[in-house]
$ cat input.cif   # mmCIF, C-alpha atoms and all ligand atoms
data_start
#
loop_
_atom_site.label_atom_id
_atom_site.label_comp_id
_atom_site.auth_asym_id
_atom_site.auth_seq_id
_atom_site.Cartn_x
_atom_site.Cartn_y
_atom_site.Cartn_z
CA MET A 94 17.40 31.35 4.78
CA GLU A 95 15.31 28.15 4.98
CA THR A 96 14.11 26.85 1.63
CA LYS A 97 10.80 25.01 1.69
CA ASN A 98 10.51 21.50 0.23
CA SER A 99 8.15 21.34 -2.68
CA ILE A 100 5.82 18.38 -2.91
CA LYS A 101 5.31 17.07 -6.42
CA HIS A 102 4.56 13.40 -5.86
CA LEU A 103 2.45 12.21 -2.93
CA ALA A 104 1.63 8.57 -2.24
CA ILE A 105 -0.86 7.22 0.28
CA ILE A 106 -1.46 3.83 1.90
CA MET A 107 -5.18 4.10 2.56
CA ASP A 108 -5.56 1.93 5.63
CA GLY A 109 -8.22 1.57 8.31
CA ASN A 110 -11.46 1.15 6.35
CA GLY A 111 -12.36 -2.11 8.07
CA ARG A 112 -11.65 -0.87 11.60
CA TRP A 113 -13.53 2.36 10.89
CA ALA A 114 -16.60 0.33 9.92
CA LYS A 115 -16.27 -2.09 12.84
CA ALA A 116 -16.09 0.78 15.34
CA LYS A 117 -19.41 1.98 13.98
CA GLY A 118 -20.99 -1.48 14.04
CA LEU A 119 -21.05 -1.56 10.24
CA ALA A 120 -19.97 -4.16 7.69
CA ARG A 121 -16.39 -3.80 6.38
CA SER A 122 -17.82 -3.03 2.95
CA LYS A 123 -19.26 0.22 4.34
CA GLY A 124 -15.74 1.21 5.34
CA HIS A 125 -14.50 0.64 1.79
CA GLU A 126 -17.41 2.68 0.41
CA ALA A 127 -16.58 5.53 2.78
CA GLY A 128 -12.94 5.13 1.73
CA ALA A 129 -13.86 5.60 -1.92
CA LYS A 130 -15.49 8.92 -1.00
CA THR A 131 -12.25 10.01 0.73
CA ILE A 132 -10.32 9.24 -2.47
CA LYS A 133 -12.51 11.72 -4.29
CA ASP A 134 -11.99 14.50 -1.70
CA ILE A 135 -8.23 14.01 -1.48
CA THR A 136 -7.87 13.86 -5.27
CA LYS A 137 -9.74 17.16 -5.61
CA TYR A 138 -7.47 18.73 -3.02
CA CYS A 139 -4.42 17.57 -4.98
CA VAL A 140 -5.85 18.95 -8.24
CA ASN A 141 -6.10 22.36 -6.61
CA HIS A 142 -2.69 22.23 -4.95
CA THR A 143 -0.12 24.29 -6.85
CA ASN A 144 2.79 21.86 -6.60
CA ILE A 145 1.32 18.35 -6.47
CA LYS A 146 1.51 16.77 -9.90
CA THR A 147 1.13 13.07 -9.03
CA LEU A 148 -0.97 11.22 -6.46
CA THR A 149 -0.40 7.48 -6.07
CA LEU A 150 -2.92 5.49 -4.03
CA TYR A 151 -2.55 1.91 -2.78
CA ALA A 152 -5.96 0.50 -3.65
CA PHE A 153 -5.37 -3.28 -3.90
CA SER A 154 -2.20 -5.16 -3.05
CA THR A 155 -0.85 -8.48 -4.34
CA GLU A 156 -1.58 -9.77 -0.81
CA ASN A 157 -5.21 -8.55 -0.72
CA TRP A 158 -6.31 -11.68 -2.66
CA LYS A 159 -5.92 -13.52 0.67
CA ARG A 160 -9.03 -11.77 2.02
CA PRO A 161 -12.38 -13.61 1.95
CA LYS A 162 -13.70 -13.94 -1.59
CA SER A 163 -16.77 -11.88 -0.70
CA GLU A 164 -14.57 -8.92 0.29
CA VAL A 165 -12.34 -9.24 -2.78
CA ASP A 166 -15.44 -9.38 -5.01
CA PHE A 167 -16.87 -6.35 -3.26
CA LEU A 168 -13.64 -4.36 -3.75
CA MET A 169 -13.64 -5.25 -7.47
CA ARG A 170 -17.26 -4.12 -7.87
CA LEU A 171 -16.55 -0.95 -5.90
CA LEU A 172 -13.57 -0.17 -8.11
CA GLU A 173 -15.71 -0.60 -11.22
CA ARG A 174 -18.46 1.62 -9.79
CA TYR A 175 -15.91 4.21 -8.68
CA LEU A 176 -14.20 4.39 -12.07
CA LYS A 177 -17.46 4.67 -14.00
CA LYS A 178 -18.67 7.45 -11.71
CA GLU A 179 -15.37 9.31 -11.53
CA LEU A 180 -14.72 9.46 -15.26
CA GLN A 181 -16.63 12.74 -15.27
CA THR A 182 -14.43 14.08 -12.44
CA TYR A 183 -11.35 13.11 -14.45
CA HIS A 184 -12.61 15.05 -17.46
CA GLU A 185 -13.79 18.08 -15.47
CA ASN A 186 -10.52 18.40 -13.55
CA LYS A 187 -8.16 17.34 -16.35
CA ILE A 188 -6.93 14.37 -14.34
CA CYS A 189 -4.76 11.84 -16.12
CA PHE A 190 -5.61 8.37 -14.77
CA ASP A 191 -2.99 5.67 -14.62
CA VAL A 192 -2.42 2.30 -12.95
CA ILE A 193 0.58 0.49 -11.51
CA GLY A 194 0.55 -3.21 -10.73
CA ASP A 195 -0.32 -6.32 -12.67
CA ILE A 196 -3.97 -6.01 -13.66
CA SER A 197 -3.85 -9.07 -15.91
CA LYS A 198 -5.42 -10.95 -12.96
CA PHE A 199 -8.51 -8.71 -13.06
CA SER A 200 -11.65 -9.55 -15.05
CA THR A 201 -11.50 -8.68 -18.75
CA LYS A 202 -14.38 -6.26 -18.22
CA LEU A 203 -12.50 -4.35 -15.53
CA GLN A 204 -9.26 -4.36 -17.53
CA LYS A 205 -11.12 -2.89 -20.51
CA LEU A 206 -12.70 -0.18 -18.36
CA ILE A 207 -9.29 0.73 -16.91
CA GLN A 208 -7.75 0.89 -20.39
CA LYS A 209 -10.62 3.03 -21.67
CA ILE A 210 -10.19 5.58 -18.87
CA LYS A 211 -6.43 5.63 -19.30
CA ASP A 212 -6.85 6.29 -23.03
CA GLN A 213 -9.46 9.01 -22.55
CA THR A 214 -7.44 10.90 -19.96
CA LYS A 215 -3.86 10.41 -21.12
CA GLU A 216 -3.42 13.97 -22.44
CA TYR A 217 -4.62 15.66 -19.23
CA ASP A 218 -2.10 17.53 -17.10
CA GLY A 219 -4.16 18.80 -14.14
CA LEU A 220 -2.95 15.92 -11.94
CA THR A 221 -1.89 12.34 -12.54
CA GLN A 222 -3.83 10.00 -10.27
CA ILE A 223 -2.28 6.55 -10.12
CA LEU A 224 -4.11 3.64 -8.56
CA ALA A 225 -1.91 0.77 -7.40
CA LEU A 226 -3.96 -2.30 -8.33
CA ASN A 227 -2.79 -5.84 -7.70
CA TYR A 228 0.40 -4.03 -6.83
CA GLY A 229 3.33 -5.31 -4.78
CA ALA A 230 6.74 -3.65 -4.80
CA ARG A 231 8.61 -6.96 -4.90
CA ASP A 232 6.45 -8.13 -7.80
CA GLU A 233 7.12 -4.81 -9.58
CA ILE A 234 10.89 -5.22 -9.13
CA VAL A 235 10.83 -8.85 -10.32
CA ARG A 236 8.81 -7.88 -13.41
CA ALA A 237 11.23 -5.00 -14.13
CA VAL A 238 14.31 -7.22 -13.89
CA LYS A 239 12.66 -9.85 -16.13
CA LYS A 240 11.94 -7.12 -18.69
CA LEU A 241 15.59 -6.02 -18.68
CA ASN A 242 16.76 -9.61 -18.84
CA ALA A 243 14.59 -10.36 -21.86
CA THR A 244 16.08 -7.43 -23.77
CA ALA A 245 19.64 -8.11 -22.49
CA SER A 246 19.72 -4.54 -21.17
CA GLU A 247 22.41 -3.17 -18.94
CA ILE A 248 21.51 -3.42 -15.24
CA SER A 249 21.85 -0.08 -13.52
CA GLU A 250 19.83 2.07 -11.13
CA GLU A 251 18.58 4.07 -14.10
CA SER A 252 17.57 1.06 -16.19
CA ILE A 253 15.77 -0.61 -13.27
CA ALA A 254 13.98 2.65 -12.42
CA GLN A 255 12.89 2.97 -16.05
CA ALA A 256 11.61 -0.61 -16.20
CA LEU A 257 9.46 -0.23 -13.08
CA ASP A 258 5.74 0.52 -13.37
CA THR A 259 6.33 4.03 -12.04
CA PRO A 260 8.37 6.31 -14.30
CA TYR A 261 7.03 9.33 -12.41
CA GLY A 262 10.22 10.68 -10.87
CA GLU A 263 10.97 10.97 -7.19
CA LEU A 264 8.35 10.22 -4.60
CA ASP A 265 8.42 13.08 -2.08
CA LEU A 266 6.04 12.04 0.65
CA LEU A 267 4.33 8.82 1.73
CA ILE A 268 1.41 8.95 4.13
CA ARG A 269 -0.07 5.85 5.76
CA THR A 270 -3.38 6.31 7.53
CA GLY A 271 -4.99 3.92 10.02
CA GLY A 272 -2.35 3.77 12.74
CA GLU A 273 -0.05 0.98 11.48
CA ARG A 274 3.61 1.82 10.99
CA ARG A 275 4.77 -0.34 8.11
CA LEU A 276 5.19 -0.15 4.33
CA SER A 277 3.31 -3.31 3.35
CA ASN A 278 5.26 -3.92 0.12
CA PHE A 279 4.42 -0.48 -1.33
CA LEU A 280 6.83 1.37 -3.65
CA LEU A 281 9.93 -0.02 -1.93
CA TRP A 282 12.34 1.18 -4.63
CA GLN A 283 10.76 4.62 -5.02
CA LEU A 284 10.63 5.27 -1.26
CA SER A 285 14.43 5.35 -0.85
CA TYR A 286 14.55 9.08 -0.07
CA SER A 287 10.89 9.87 0.56
CA GLU A 288 9.64 11.46 3.74
CA LEU A 289 7.27 9.18 5.68
CA TYR A 290 4.25 10.19 7.70
CA PHE A 291 2.03 7.88 9.73
CA SER A 292 -1.42 9.08 10.74
CA ASN A 293 -3.68 7.39 13.29
CA THR A 294 -6.78 8.54 11.43
CA PRO A 295 -8.61 5.75 9.60
CA TRP A 296 -8.80 6.45 5.87
CA PRO A 297 -12.55 7.21 5.77
CA ASP A 298 -12.02 10.02 8.33
CA PHE A 299 -8.86 11.38 6.71
CA GLY A 300 -9.57 14.86 5.40
CA ILE A 301 -8.00 17.78 3.65
CA ASN A 302 -7.22 19.67 6.88
CA GLU A 303 -5.02 16.84 8.11
CA LEU A 304 -3.44 16.46 4.69
CA GLN A 305 -2.69 20.18 4.61
CA SER A 306 -1.00 20.05 8.02
CA ILE A 307 1.10 17.01 6.98
CA ILE A 308 2.20 18.87 3.84
CA ASP A 309 3.07 21.95 5.95
CA ASP A 310 5.23 19.71 8.14
CA PHE A 311 6.82 18.10 5.08
CA GLU A 312 7.69 21.50 3.61
CA HIS A 313 9.78 22.31 6.66
CA ARG A 314 11.55 18.97 7.06
CA LYS A 315 15.28 18.78 6.40
CA ARG A 316 15.91 16.60 3.34
CA ASN A 317 19.55 16.01 2.52
CA PHE A 318 19.38 12.86 0.35
CA GLY A 319 22.45 11.46 2.08
CA GLY A 320 24.49 14.65 1.68
CA LEU A 321 24.80 17.72 3.87
CA ARG A 322 22.44 20.61 3.92
C1 LIG A 401 -7.44 -0.80 3.77
O1 LIG A 401 -8.47 -0.97 4.66
C2 LIG A 401 -7.94 -0.54 2.46
C3 LIG A 401 -7.78 -1.27 1.33
C4 LIG A 401 -7.95 -2.74 1.18
C5 LIG A 401 -7.40 -0.58 0.12
C6 LIG A 401 -8.09 0.73 -0.12
C7 LIG A 401 -9.47 0.58 -0.61
C8 LIG A 401 -10.34 1.59 -0.63
C9 LIG A 401 -10.02 2.98 -0.20
C10 LIG A 401 -11.71 1.28 -1.11
C11 LIG A 401 -12.07 1.97 -2.35
C12 LIG A 401 -11.06 1.87 -3.41
C13 LIG A 401 -11.30 2.19 -4.68
C14 LIG A 401 -10.17 2.32 -5.63
C15 LIG A 401 -12.65 2.43 -5.19
P1 LIG A 401 -8.51 -2.32 5.49
O2 LIG A 401 -9.63 -3.13 5.00
O3 LIG A 401 -7.16 -2.97 5.44
O4 LIG A 401 -8.77 -1.73 6.91
P2 LIG A 401 -8.42 -2.44 8.30
O5 LIG A 401 -6.90 -2.49 8.40
O6 LIG A 401 -9.01 -1.51 9.30
O7 LIG A 401 -9.06 -3.80 8.27
#
$ encode --input "input.cif" --output "C-alpha cells" --more "lines below"
Ligand code: FPP
Amino acid sequence: METKNSIKHLAIIMDGNGRWAKAKGLARSKGHEAGAKTIKDITKYCVNHTNIKTLTLYAFSTENWKRPKSEVDFLMRLLERYLKKELQTYHENKICFDVIGDISKFSTKLQKLIQKIKDQTKEYDGLTQILALNYGARDEIVRAVKKLNATASEISEESIAQALDTPYGELDLLIRTGGERRLSNFLLWQLSYSELYFSNTPWPDFGINELQSIIDDFEHRKRNFGGLR
C-alpha cells in the first residue's frame, strides 16, 4: 500500500514580484506590496494545515543589497510595516516568528522590532514562520563553521547542522514561484533531500489552490533518501 509523504517543513522562494508589477504597468514596489499580501494568505493556509509546522520564506537575500538603494529602502520599510501589522495575526493564530540570516546589517530600529516579535511569539506552537533576511546559504555555512572553529568543536554533519541558523529538522518541500529554475543560494545544506517544485506563477498571484495541488503532488512523490523504497 502506498504511504503518503507528510509535509512538516515547507520553504518558498517568493520570486516574480517585479515582473508581476511590470506586466501591469506598475512600479516594482507595487509588486512587493502585493507579495506581502500573499505572505499573509499562504501563512494562514499553513496555520490551518494539519501537518505543516514550519514555513520558511526567502524575503531578502545577501545578494539583494545589489539592487538600487531606493528598492532596498522600500523593502526595508515594507518589512517594518508588515511586521507591525502582522503582530496581531501572529498572536491570533499562535504563530511563532523567527528569522534566519545575518540581520546585524539592518537598522537598529528594525533589529529591535524583529527581536520584540520573536520574544513575544516564542512560546507559540500553531506554526513557526521563519523569514530569511539578509540570508545566503554560503554565508550561513561560513558562519556555522566559524562558530564551531571558535569553540574547537568536532566537525561532523550533526555539529554543522546544529550550528546553522536553521535547527528546524528536515526541509520537506521547496517551492520557487516566478518561473526561474534555480536555488539562488537558499538553504543549500538543508535542501539535500528536499523535494523541489518550480511554479511559473509570479508570487503575488500564487494562491492557496496552487499550493494545495503542489502539496497533493508532493504527498504522492517517491522519496527514498538515497535508499530503496
Ligand atoms: C522577488 O521578486 C522578491 C523578493 C526580493 C523577496 C520577497 C519580497 C516580498 C514578498 C516582499 C514583501 C516581503 C516582506 C517580508 C514584507 P523580484 O523583485 O526578484 O521579482 P522579479 O524577479 O520579477 O524582478
$ closest_residue --input "input.cif" --among "A:Arg236, A:His102, A:Arg274, A:Lys146" --to "ligand LIG 401 (chain A)" --atoms "all atoms listed in the file"
A:Arg274
$ residues_near_ligand --input "input.cif" --ligand "ligand LIG 401 (chain A)" --cutoff "7 Å" --atoms "all atoms listed in the file" --output "PyMOL selection string"
chain A and resi 107-113+121+125-126+128-129+132+151-153+157+168+171-172+175+224+271
$ atom_distance --input "input.cif" --atom1 "CA of Asp232 (chain A)" --atom2 "CA of Asp195 (chain A)"
8.5 Å
$ atom_distance --input "input.cif" --atom1 "CA of Glu156 (chain A)" --atom2 "CA of Phe279 (chain A)"
11.1 Å
$ atom_distance --input "input.cif" --atom1 "CA of Lys130 (chain A)" --atom2 "CA of Glu233 (chain A)"
27.8 Å
$ residues_near_point --input "input.cif" --point "(-2.5, 8.0, 7.7)" --cutoff "9 Å" --atoms "only C-alpha atoms" --output "list of chain:residue names"
A:Ile105, A:Ile106, A:Met107, A:Asp108, A:Gly109, A:Ile268, A:Arg269, A:Thr270, A:Gly271, A:Gly272, A:Glu273, A:Tyr290, A:Phe291, A:Ser292, A:Asn293, A:Thr294, A:Pro295, A:Trp296, A:Phe299
$ residues_around --input "input.cif" --residues "region 207-214 of chain A" --least-positions-apart "2" --cutoff "8 Å" --atoms "all atoms listed in the file" --output "JSON list (two decimals) with C-alpha atoms, in the coordinates of the input"
[["chain", "number", "residue", "atom", "x", "y", "z"],
["A", 176, "LEU", "CA", -14.20, 4.39, -12.07],
["A", 180, "LEU", "CA", -14.72, 9.46, -15.26],
["A", 183, "TYR", "CA", -11.35, 13.11, -14.45],
["A", 184, "HIS", "CA", -12.61, 15.05, -17.46],
["A", 187, "LYS", "CA", -8.16, 17.34, -16.35],
["A", 188, "ILE", "CA", -6.93, 14.37, -14.34],
["A", 189, "CYS", "CA", -4.76, 11.84, -16.12],
["A", 190, "PHE", "CA", -5.61, 8.37, -14.77],
["A", 191, "ASP", "CA", -2.99, 5.67, -14.62],
["A", 203, "LEU", "CA", -12.50, -4.35, -15.53],
["A", 204, "GLN", "CA", -9.26, -4.36, -17.53],
["A", 205, "LYS", "CA", -11.12, -2.89, -20.51],
["A", 216, "GLU", "CA", -3.42, 13.97, -22.44],
["A", 217, "TYR", "CA", -4.62, 15.66, -19.23]]
$ build_atoms --input "input.cif" --residues "region 295-307 of chain A" --atoms "N, CA, C and O atoms" --output "PDB file, in the frame of the given file"
ATOM      1  N   PRO A 295      -8.236   6.746  10.621  1.00  0.00           N
ATOM      2  CA  PRO A 295      -8.610   5.750   9.600  1.00  0.00           C
ATOM      3  C   PRO A 295      -8.944   6.468   8.277  1.00  0.00           C
ATOM      4  O   PRO A 295      -9.456   7.592   8.301  1.00  0.00           O
ATOM      5  N   TRP A 296      -8.657   5.811   7.178  1.00  0.00           N
ATOM      6  CA  TRP A 296      -8.800   6.450   5.870  1.00  0.00           C
ATOM      7  C   TRP A 296     -10.156   7.143   5.658  1.00  0.00           C
ATOM      8  O   TRP A 296     -10.199   8.277   5.175  1.00  0.00           O
ATOM      9  N   PRO A 297     -11.289   6.531   6.039  1.00  0.00           N
ATOM     10  CA  PRO A 297     -12.550   7.210   5.770  1.00  0.00           C
ATOM     11  C   PRO A 297     -12.685   8.562   6.492  1.00  0.00           C
ATOM     12  O   PRO A 297     -13.431   9.434   6.043  1.00  0.00           O
ATOM     13  N   ASP A 298     -11.942   8.749   7.597  1.00  0.00           N
ATOM     14  CA  ASP A 298     -12.020  10.020   8.330  1.00  0.00           C
ATOM     15  C   ASP A 298     -10.896  10.980   7.952  1.00  0.00           C
ATOM     16  O   ASP A 298     -10.811  12.085   8.477  1.00  0.00           O
ATOM     17  N   PHE A 299     -10.001  10.537   7.068  1.00  0.00           N
ATOM     18  CA  PHE A 299      -8.860  11.380   6.710  1.00  0.00           C
ATOM     19  C   PHE A 299      -9.373  12.512   5.814  1.00  0.00           C
ATOM     20  O   PHE A 299     -10.068  12.287   4.840  1.00  0.00           O
ATOM     21  N   GLY A 300      -9.014  13.744   6.172  1.00  0.00           N
ATOM     22  CA  GLY A 300      -9.570  14.860   5.400  1.00  0.00           C
ATOM     23  C   GLY A 300      -8.510  15.838   4.954  1.00  0.00           C
ATOM     24  O   GLY A 300      -7.320  15.696   5.263  1.00  0.00           O
ATOM     25  N   ILE A 301      -8.962  16.850   4.249  1.00  0.00           N
ATOM     26  CA  ILE A 301      -8.000  17.780   3.650  1.00  0.00           C
ATOM     27  C   ILE A 301      -7.294  18.643   4.695  1.00  0.00           C
ATOM     28  O   ILE A 301      -6.167  19.070   4.470  1.00  0.00           O
ATOM     29  N   ASN A 302      -7.918  18.869   5.862  1.00  0.00           N
ATOM     30  CA  ASN A 302      -7.220  19.670   6.880  1.00  0.00           C
ATOM     31  C   ASN A 302      -5.994  18.927   7.384  1.00  0.00           C
ATOM     32  O   ASN A 302      -4.918  19.514   7.543  1.00  0.00           O
ATOM     33  N   GLU A 303      -6.175  17.622   7.637  1.00  0.00           N
ATOM     34  CA  GLU A 303      -5.020  16.840   8.110  1.00  0.00           C
ATOM     35  C   GLU A 303      -3.957  16.746   7.012  1.00  0.00           C
ATOM     36  O   GLU A 303      -2.756  16.879   7.291  1.00  0.00           O
ATOM     37  N   LEU A 304      -4.404  16.544   5.778  1.00  0.00           N
ATOM     38  CA  LEU A 304      -3.440  16.460   4.690  1.00  0.00           C
ATOM     39  C   LEU A 304      -2.647  17.765   4.590  1.00  0.00           C
ATOM     40  O   LEU A 304      -1.420  17.761   4.443  1.00  0.00           O
ATOM     41  N   GLN A 305      -3.370  18.885   4.692  1.00  0.00           N
ATOM     42  CA  GLN A 305      -2.690  20.180   4.610  1.00  0.00           C
ATOM     43  C   GLN A 305      -1.638  20.319   5.713  1.00  0.00           C
ATOM     44  O   GLN A 305      -0.515  20.776   5.467  1.00  0.00           O
ATOM     45  N   SER A 306      -1.976  19.880   6.937  1.00  0.00           N
ATOM     46  CA  SER A 306      -1.000  20.050   8.020  1.00  0.00           C
ATOM     47  C   SER A 306       0.192  19.101   7.840  1.00  0.00           C
ATOM     48  O   SER A 306       1.325  19.446   8.182  1.00  0.00           O
ATOM     49  N   ILE A 307      -0.033  17.920   7.265  1.00  0.00           N
ATOM     50  CA  ILE A 307       1.100  17.010   6.980  1.00  0.00           C
ATOM     51  C   ILE A 307       2.009  17.642   5.922  1.00  0.00           C
ATOM     52  O   ILE A 307       3.238  17.609   6.030  1.00  0.00           O
TER      53      ILE A 307
END
